[in-house]
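Asks: Got a structure for you, entry_30.pdb, holding PDB, C-alpha atoms.
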```pdb
ATOM      1  CA  MET A   1       0.000   0.000   0.000
ATOM      2  CA  TYR A   2       1.866   3.063  -1.202
ATOM      3  CA  HIS A   3      -1.004   5.589  -1.209
ATOM      4  CA  ASN A   4      -3.000   5.315   1.991
ATOM      5  CA  ASN A   5      -4.322   8.795   1.166
ATOM      6  CA  PRO A   6      -4.164   9.065  -2.654
ATOM      7  CA  VAL A   7      -4.960  12.794  -2.776
ATOM      8  CA  ARG A   8      -1.875  13.626  -4.876
ATOM      9  CA  VAL A   9      -2.667  10.838  -7.337
ATOM     10  CA  ALA A  10      -6.253  12.097  -7.760
ATOM     11  CA  TYR A  11      -5.134  15.728  -8.045
ATOM     12  CA  ASN A  12      -2.535  14.928 -10.719
ATOM     13  CA  GLU A  13      -4.988  12.691 -12.569
ATOM     14  CA  SER A  14      -7.531  15.537 -12.680
ATOM     15  CA  LYS A  15      -4.887  17.712 -14.359
ATOM     16  CA  LEU A  16      -4.434  15.020 -17.032
ATOM     17  CA  LEU A  17      -8.180  14.499 -17.541
ATOM     18  CA  TRP A  18      -8.977  18.218 -17.870
ATOM     19  CA  PRO A  19      -5.859  19.888 -19.312
ATOM     20  CA  ASP A  20      -7.838  23.000 -20.311
ATOM     21  CA  VAL A  21      -8.300  23.898 -16.629
ATOM     22  CA  GLN A  22      -5.137  22.386 -15.178
ATOM     23  CA  ASP A  23      -3.902  25.791 -13.984
ATOM     24  CA  CYS A  24      -7.184  26.550 -12.175
ATOM     25  CA  GLN A  25      -8.128  25.616  -8.651
ATOM     26  CA  PRO A  26     -10.746  22.852  -8.444
ATOM     27  CA  ASP A  27     -14.296  23.804  -7.465
ATOM     28  CA  ILE A  28     -13.824  21.359  -4.606
ATOM     29  CA  LEU A  29     -11.381  18.604  -3.781
ATOM     30  CA  LEU A  30     -12.897  16.302  -1.166
ATOM     31  CA  SER A  31     -10.748  13.748   0.634
ATOM     32  CA  ILE A  32     -12.568  11.196   2.785
ATOM     33  CA  GLY A  33     -10.708   9.142   5.387
ATOM     34  CA  THR A  34     -11.744   6.175   7.507
ATOM     35  CA  GLY A  35     -10.823   7.764  10.827
ATOM     36  CA  HIS A  36      -7.643   8.596  12.717
ATOM     37  CA  ASN A  37      -6.404   8.438  16.281
ATOM     38  CA  GLY A  38      -5.827  12.161  16.676
ATOM     39  CA  ALA A  39      -2.040  12.112  16.876
ATOM     40  CA  GLU A  40      -0.868  15.679  16.354
ATOM     41  CA  THR A  41       1.995  16.554  14.027
ATOM     42  CA  ASN A  42       4.275  19.562  14.052
ATOM     43  CA  GLY A  43       4.664  19.864  10.279
ATOM     44  CA  SER A  44       7.301  17.177   9.899
ATOM     45  CA  ALA A  45       6.567  13.949   8.102
ATOM     46  CA  GLU A  46       6.429  12.165  11.422
ATOM     47  CA  PRO A  47       5.085  13.334  14.792
ATOM     48  CA  TYR A  48       7.914  14.709  16.940
ATOM     49  CA  ASP A  49       7.367  12.458  19.955
ATOM     50  CA  ARG A  50       7.525   9.261  17.886
ATOM     51  CA  ARG A  51      10.651  10.484  16.049
ATOM     52  CA  ARG A  52      12.356  11.348  19.371
ATOM     53  CA  ARG A  53      11.336   8.008  20.928
ATOM     54  CA  ARG A  54      12.741   6.097  17.920
ATOM     55  CA  ALA A  55      15.998   8.050  18.115
ATOM     56  CA  GLU A  56      16.322   7.091  21.783
ATOM     57  CA  ILE A  57      15.551   3.429  21.084
ATOM     58  CA  THR A  58      17.829   3.056  18.075
ATOM     59  CA  SER A  59      20.732   4.864  19.726
ATOM     60  CA  ASP A  60      20.671   2.278  22.531
ATOM     61  CA  ILE A  61      20.367  -0.862  20.397
ATOM     62  CA  ILE A  62      22.617  -3.501  21.852
ATOM     63  CA  VAL A  63      22.182  -6.963  20.467
ATOM     64  CA  THR A  64      24.082  -9.910  21.830
ATOM     65  CA  PRO A  65      24.315 -12.367  18.972
ATOM     66  CA  SER A  66      23.956 -16.070  19.633
ATOM     67  CA  PRO A  67      26.978 -18.309  18.961
ATOM     68  CA  ARG A  68      25.376 -19.363  15.663
ATOM     69  CA  GLN A  69      24.740 -15.738  14.695
ATOM     70  CA  ARG A  70      28.343 -14.863  15.598
ATOM     71  CA  LYS A  71      29.522 -17.641  13.333
ATOM     72  CA  LEU A  72      27.333 -16.296  10.494
ATOM     73  CA  GLY A  73      28.267 -12.680  11.260
ATOM     74  CA  ILE A  74      24.621 -11.633  11.798
ATOM     75  CA  GLY A  75      25.252  -9.800  15.073
ATOM     76  CA  LYS A  76      27.496  -7.320  13.275
ATOM     77  CA  TRP A  77      24.495  -6.007  11.356
ATOM     78  CA  PHE A  78      22.822  -4.732  14.509
ATOM     79  CA  ARG A  79      25.983  -3.121  15.821
ATOM     80  CA  ASN A  80      26.480  -1.456  12.447
ATOM     81  CA  ALA A  81      25.136   2.091  12.816
ATOM     82  CA  GLU A  82      24.518   2.402   9.070
ATOM     83  CA  PHE A  83      22.351  -0.738   9.052
ATOM     84  CA  VAL A  84      20.332   0.457  12.062
ATOM     85  CA  GLN A  85      19.924   3.882  10.444
ATOM     86  CA  ASN A  86      18.707   2.333   7.165
ATOM     87  CA  LEU A  87      16.329   0.048   9.053
ATOM     88  CA  ASN A  88      14.990   3.055  10.954
ATOM     89  CA  ILE A  89      14.496   4.960   7.683
ATOM     90  CA  MET A  90      12.517   2.050   6.210
ATOM     91  CA  VAL A  91      10.285   1.778   9.288
ATOM     92  CA  ASN A  92       9.735   5.562   9.323
ATOM     93  CA  ARG A  93       8.901   5.492   5.612
ATOM     94  CA  VAL A  94       6.185   2.886   6.156
ATOM     95  CA  ASP A  95       4.760   4.880   9.097
ATOM     96  CA  ASN A  96       4.795   8.091   7.053
ATOM     97  CA  ILE A  97       3.095   6.439   4.083
ATOM     98  CA  LEU A  98       0.332   5.231   6.379
ATOM     99  CA  ASN A  99      -0.084   8.613   8.112
ATOM    100  CA  SER A 100      -2.937   9.891   5.952
ATOM    101  CA  GLU A 101      -3.466  13.087   7.942
ATOM    102  CA  GLN A 102       0.151  14.166   7.467
ATOM    103  CA  ILE A 103      -0.103  13.331   3.762
ATOM    104  CA  TRP A 104      -3.139  15.642   3.566
ATOM    105  CA  LEU A 105      -1.348  18.479   5.390
ATOM    106  CA  ASN A 106       1.731  18.111   3.177
ATOM    107  CA  PHE A 107      -0.458  18.108   0.058
ATOM    108  CA  LYS A 108      -2.257  21.295   1.105
ATOM    109  CA  ASN A 109       1.021  23.017   1.989
ATOM    110  CA  ASP A 110       2.512  22.079  -1.380
ATOM    111  CA  THR A 111      -0.609  22.849  -3.447
ATOM    112  CA  LEU A 112      -2.167  26.005  -2.064
ATOM    113  CA  SER A 113      -0.621  29.085  -3.637
ATOM    114  CA  SER A 114      -2.128  31.423  -1.050
ATOM    115  CA  ARG A 115      -3.736  31.254   2.335
ATOM    116  CA  GLU A 116      -6.923  33.016   1.239
ATOM    117  CA  GLU A 117     -10.081  31.568   2.769
ATOM    118  CA  SER A 118     -11.732  31.260  -0.662
ATOM    119  CA  GLU A 119      -8.888  29.011  -1.841
ATOM    120  CA  ILE A 120      -8.616  26.996   1.374
ATOM    121  CA  ARG A 121     -12.372  26.234   1.298
ATOM    122  CA  ARG A 122     -11.929  24.370  -1.992
ATOM    123  CA  TYR A 123      -9.808  21.670  -0.289
ATOM    124  CA  GLN A 124     -11.788  19.670   2.260
ATOM    125  CA  ARG A 125     -11.071  16.524   4.223
ATOM    126  CA  ILE A 126     -13.446  14.509   6.362
ATOM    127  CA  ASN A 127     -11.580  12.074   8.576
ATOM    128  CA  PRO A 128     -13.218  11.671  11.978
ATOM    129  CA  LYS A 129     -11.140  11.433  15.112
ATOM    130  CA  LEU A 130     -11.704   7.980  16.604
ATOM    131  CA  GLY A 131      -9.881   8.440  19.888
ATOM    132  CA  TYR A 132      -8.010   5.159  19.414
ATOM    133  CA  PRO A 133      -5.627   3.859  16.748
ATOM    134  CA  PRO A 134      -7.531   2.587  13.706
ATOM    135  CA  PRO A 135      -7.263  -1.148  12.981
ATOM    136  CA  ARG A 136      -4.610  -2.525  10.651
ATOM    137  CA  LEU A 137      -5.453  -2.329   6.962
ATOM    138  CA  ASP A 138      -5.797  -6.104   6.718
ATOM    139  CA  ASP A 139      -7.914  -6.560   9.868
ATOM    140  CA  LYS A 140     -11.273  -7.323   8.218
ATOM    141  CA  GLY A 141     -12.800  -8.405  11.529
ATOM    142  CA  LYS A 142     -12.691  -4.816  12.810
ATOM    143  CA  LEU A 143     -14.450  -3.190   9.830
ATOM    144  CA  GLU A 144     -17.889  -3.278  11.449
ATOM    145  CA  SER A 145     -16.697  -1.666  14.667
ATOM    146  CA  LEU A 146     -14.718   0.919  12.687
ATOM    147  CA  GLU A 147     -17.797   1.769  10.605
ATOM    148  CA  TYR A 148     -19.863   2.119  13.792
ATOM    149  CA  ALA A 149     -17.256   4.374  15.433
ATOM    150  CA  VAL A 150     -17.001   6.608  12.345
ATOM    151  CA  ARG A 151     -20.790   6.910  11.990
ATOM    152  CA  LYS A 152     -21.125   7.716  15.687
ATOM    153  CA  SER A 153     -18.368  10.324  15.525
ATOM    154  CA  LEU A 154     -19.893  11.988  12.459
ATOM    155  CA  ARG A 155     -23.406  11.884  13.927
ATOM    156  CA  ASP A 156     -22.589  13.029  17.461
ATOM    157  CA  ASN A 157     -20.092  15.788  16.728
ATOM    158  CA  GLU A 158     -21.777  19.045  15.722
ATOM    159  CA  LEU A 159     -18.638  20.340  13.993
ATOM    160  CA  TYR A 160     -18.613  17.318  11.660
ATOM    161  CA  ARG A 161     -22.329  17.735  10.952
ATOM    162  CA  LYS A 162     -21.845  21.414  10.033
ATOM    163  CA  LYS A 163     -18.815  20.589   7.891
ATOM    164  CA  ILE A 164     -20.690  17.845   6.025
ATOM    165  CA  SER A 165     -23.630  20.202   5.446
ATOM    166  CA  ARG A 166     -21.318  22.933   4.126
ATOM    167  CA  ILE A 167     -19.491  20.468   1.856
ATOM    168  CA  SER A 168     -22.755  19.034   0.509
ATOM    169  CA  HIS A 169     -23.917  22.559  -0.410
ATOM    170  CA  GLN A 170     -20.545  23.195  -2.031
ATOM    171  CA  LEU A 171     -20.814  19.973  -4.064
ATOM    172  CA  VAL A 172     -24.322  20.864  -5.280
ATOM    173  CA  ALA A 173     -23.268  24.421  -6.152
ATOM    174  CA  SER A 174     -20.268  23.152  -8.130
ATOM    175  CA  SER A 175     -22.661  21.110 -10.302
ATOM    176  CA  PHE A 176     -24.032  24.284 -11.882
ATOM    177  CA  TYR A 177     -22.198  26.666 -14.120
ATOM    178  CA  PHE A 178     -22.973  29.644 -16.300
ATOM    179  CA  GLU A 179     -21.346  29.947 -19.689
ATOM    180  CA  ARG A 180     -21.323  33.578 -20.737
ATOM    181  CA  ILE A 181     -22.129  34.182 -24.396
ATOM    182  CA  GLY A 182     -21.974  37.939 -24.315
ATOM    183  CA  GLN A 183     -22.517  41.095 -22.325
ATOM    184  CA  ARG A 184     -23.841  44.566 -22.992
ATOM    185  CA  LYS A 185     -23.850  47.800 -21.111
ATOM    186  CA  TYR A 186     -27.106  48.555 -19.350
ATOM    187  CA  GLY A 187     -27.270  51.842 -17.472
ATOM    188  CA  SER A 188     -24.446  51.891 -14.969
ATOM    189  CA  GLY A 189     -23.988  48.100 -15.121
ATOM    190  CA  TYR A 190     -23.912  45.205 -17.510
ATOM    191  CA  VAL A 191     -26.305  42.527 -18.655
ATOM    192  CA  CYS A 192     -24.752  39.154 -19.253
ATOM    193  CA  GLU A 193     -26.211  36.638 -21.662
ATOM    194  CA  GLY A 194     -25.450  32.983 -21.448
ATOM    195  CA  GLN A 195     -26.603  29.494 -20.790
TER     196      GLN A 195
END
```
Go ahead and express the file in the form of structure tokens.

Replies:
Amino acid sequence: MYHNNPVRVAYNESKLLWPDVQDCQPDILLSIGTGHNGAETNGSAEPYDRRRRRAEITSDIIVTPSPRQRKLGIGKWFRNAEFVQNLNIMVNRVDNILNSEQIWLNFKNDTLSSREESEIRRYQRINPKLGYPPPRLDDKGKLESLEYAVRKSLRDNELYRKKISRISHQLVASSFYFERIGQRKYGSGYVCEGQ
């Protein structure tokens, strides 16, 4: 699973599908998640506390190889700082790939050209806070309880209800458009003609 939150893939694909408007902001880009545990990030690709904890753990790795491992030279791998560093990078990479909220924040930071409210409103994400770590991606037995928790969170939290209402209005409004055919001066204003 390389794209736990495929917002960049969808955004880039929209540019390929509609090249005539690729330089325009979308009417709305809606990202929907399955819930998160509410871990806060400080703008880095990994929450600070987890990164600090890993640094403490990996700096103290001491592995006593078994006689068989010593014979095969396996114990040297764990005492090798470069190996431990590469292993740590791989583990961090997997964690970062699966951190869909951080992916969303990074996407918005990279994509938004300004911080104007009218531009920010076009990019929306609904990903309810569960209050506990979501189940593993392959844990099918927990899907029902996850669905229940997400529904409950969306139903019981007034902020989510207001956000969903606002987004639904935005989606309906983006379904309509006016194509101007012409305009003419009328008094101190203009009259636009179109369909």

Asks: Taking only C-alpha atoms into account, which of A:Ser168, A:Ser100, A:Ser113, A:Asn37 comes nearest A:Gly131?

Replies: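 So, comparing all the options, the nearest one is A:Asn37.
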
Asks: Run the PyMOL selection byres ((chain A and resi 149-160) around 9) on the file and write out the hits as JSON, numbers by chain.

Replies: {"A": [34, 35, 126, 127, 128, 129, 130, 144, 145, 146, 147, 148, 161, 162, 163, 164, 165]}

Asks: Taking the file as I've supplied it (selection: the PyMOL selection byres ((chain A and resi 30) around 9)), which residues are included? Please answer as number ranges by chain.

Replies: A: 7, 28-29, 31-32, 122-126, 167

Asks: Can I get the selected residues back with C-alpha atoms, as a tab-separated table (two decimals), in the frame of the given file?

Replies:
```
chain	number	residue	atom	x	y	z
A	7	VAL	CA	-4.96	12.79	-2.78
A	28	ILE	CA	-13.82	21.36	-4.61
A	29	LEU	CA	-11.38	18.60	-3.78
A	31	SER	CA	-10.75	13.75	0.63
A	32	ILE	CA	-12.57	11.20	2.78
A	122	ARG	CA	-11.93	24.37	-1.99
A	123	TYR	CA	-9.81	21.67	-0.29
A	124	GLN	CA	-11.79	19.67	2.26
A	125	ARG	CA	-11.07	16.52	4.22
A	126	ILE	CA	-13.45	14.51	6.36
A	167	ILE	CA	-19.49	20.47	1.86
```

Asks: When you draw a straight line from atom CA of A:Gln183 to atom CA of A:Gln170, how long is it in Å?

Replies: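 Here the two named atoms are 27.1 Å from each other.
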
Asks: Could you please give me, as a VMD selection string, the residues of protein, DNA or RNA lying at most 7 Å from (-3.3, 18.4, -10.6) in the coordinate frame of the file, considering all atoms listed in the file?

Replies: chain A and resid 11 to 15 22

Asks: Record the distance separating atom CA of A:Glu193 and atom CA of A:Gln25, expressed in Å with one decimal.

Replies: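 Answer for the atom CA of A:Glu193 to atom CA of A:Gln25 separation: 24.9 Å.
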
Asks: Between atom CA of A:Ala173 and atom CA of A:Ile120, what is the spacing in Å?

Replies: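 Here the two named atoms are 16.7 Å from each other.
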
Asks: Of the candidates A:Leu105, A:Leu112, A:Val21, A:Cys192, which one gets nearest to A:Glu179 if we count only C-alpha atoms?

Replies: A:Cys192

Asks: Would you mind telling me which residue in A:Gly187, A:Cys24, A:Asn99, A:Pro19 lies nearest to A:His3 when using only C-alpha atoms?

Replies: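 That would be A:Asn99, the residue with the smallest distance to A:His3.
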
Asks: Just so the selection is clear, what residues does the PyMOL selection byres ((chain A and resi 5) around 10) cover here, as a compact mmCIF listing (two decimals) with C-alpha atoms, keeping the file's coordinate frame?

Replies:
```txt
# COMPACT_ATOMS: atom_id res chain seq x y z
CA MET A 1 0.00 0.00 0.00
CA TYR A 2 1.87 3.06 -1.20
CA HIS A 3 -1.00 5.59 -1.21
CA ASN A 4 -3.00 5.32 1.99
CA PRO A 6 -4.16 9.06 -2.65
CA VAL A 7 -4.96 12.79 -2.78
CA ARG A 8 -1.88 13.63 -4.88
CA VAL A 9 -2.67 10.84 -7.34
CA ALA A 10 -6.25 12.10 -7.76
CA SER A 31 -10.75 13.75 0.63
CA ILE A 32 -12.57 11.20 2.78
CA GLY A 33 -10.71 9.14 5.39
CA ILE A 97 3.10 6.44 4.08
CA LEU A 98 0.33 5.23 6.38
CA ASN A 99 -0.08 8.61 8.11
CA SER A 100 -2.94 9.89 5.95
CA GLU A 101 -3.47 13.09 7.94
CA GLN A 102 0.15 14.17 7.47
CA ILE A 103 -0.10 13.33 3.76
CA TRP A 104 -3.14 15.64 3.57
```
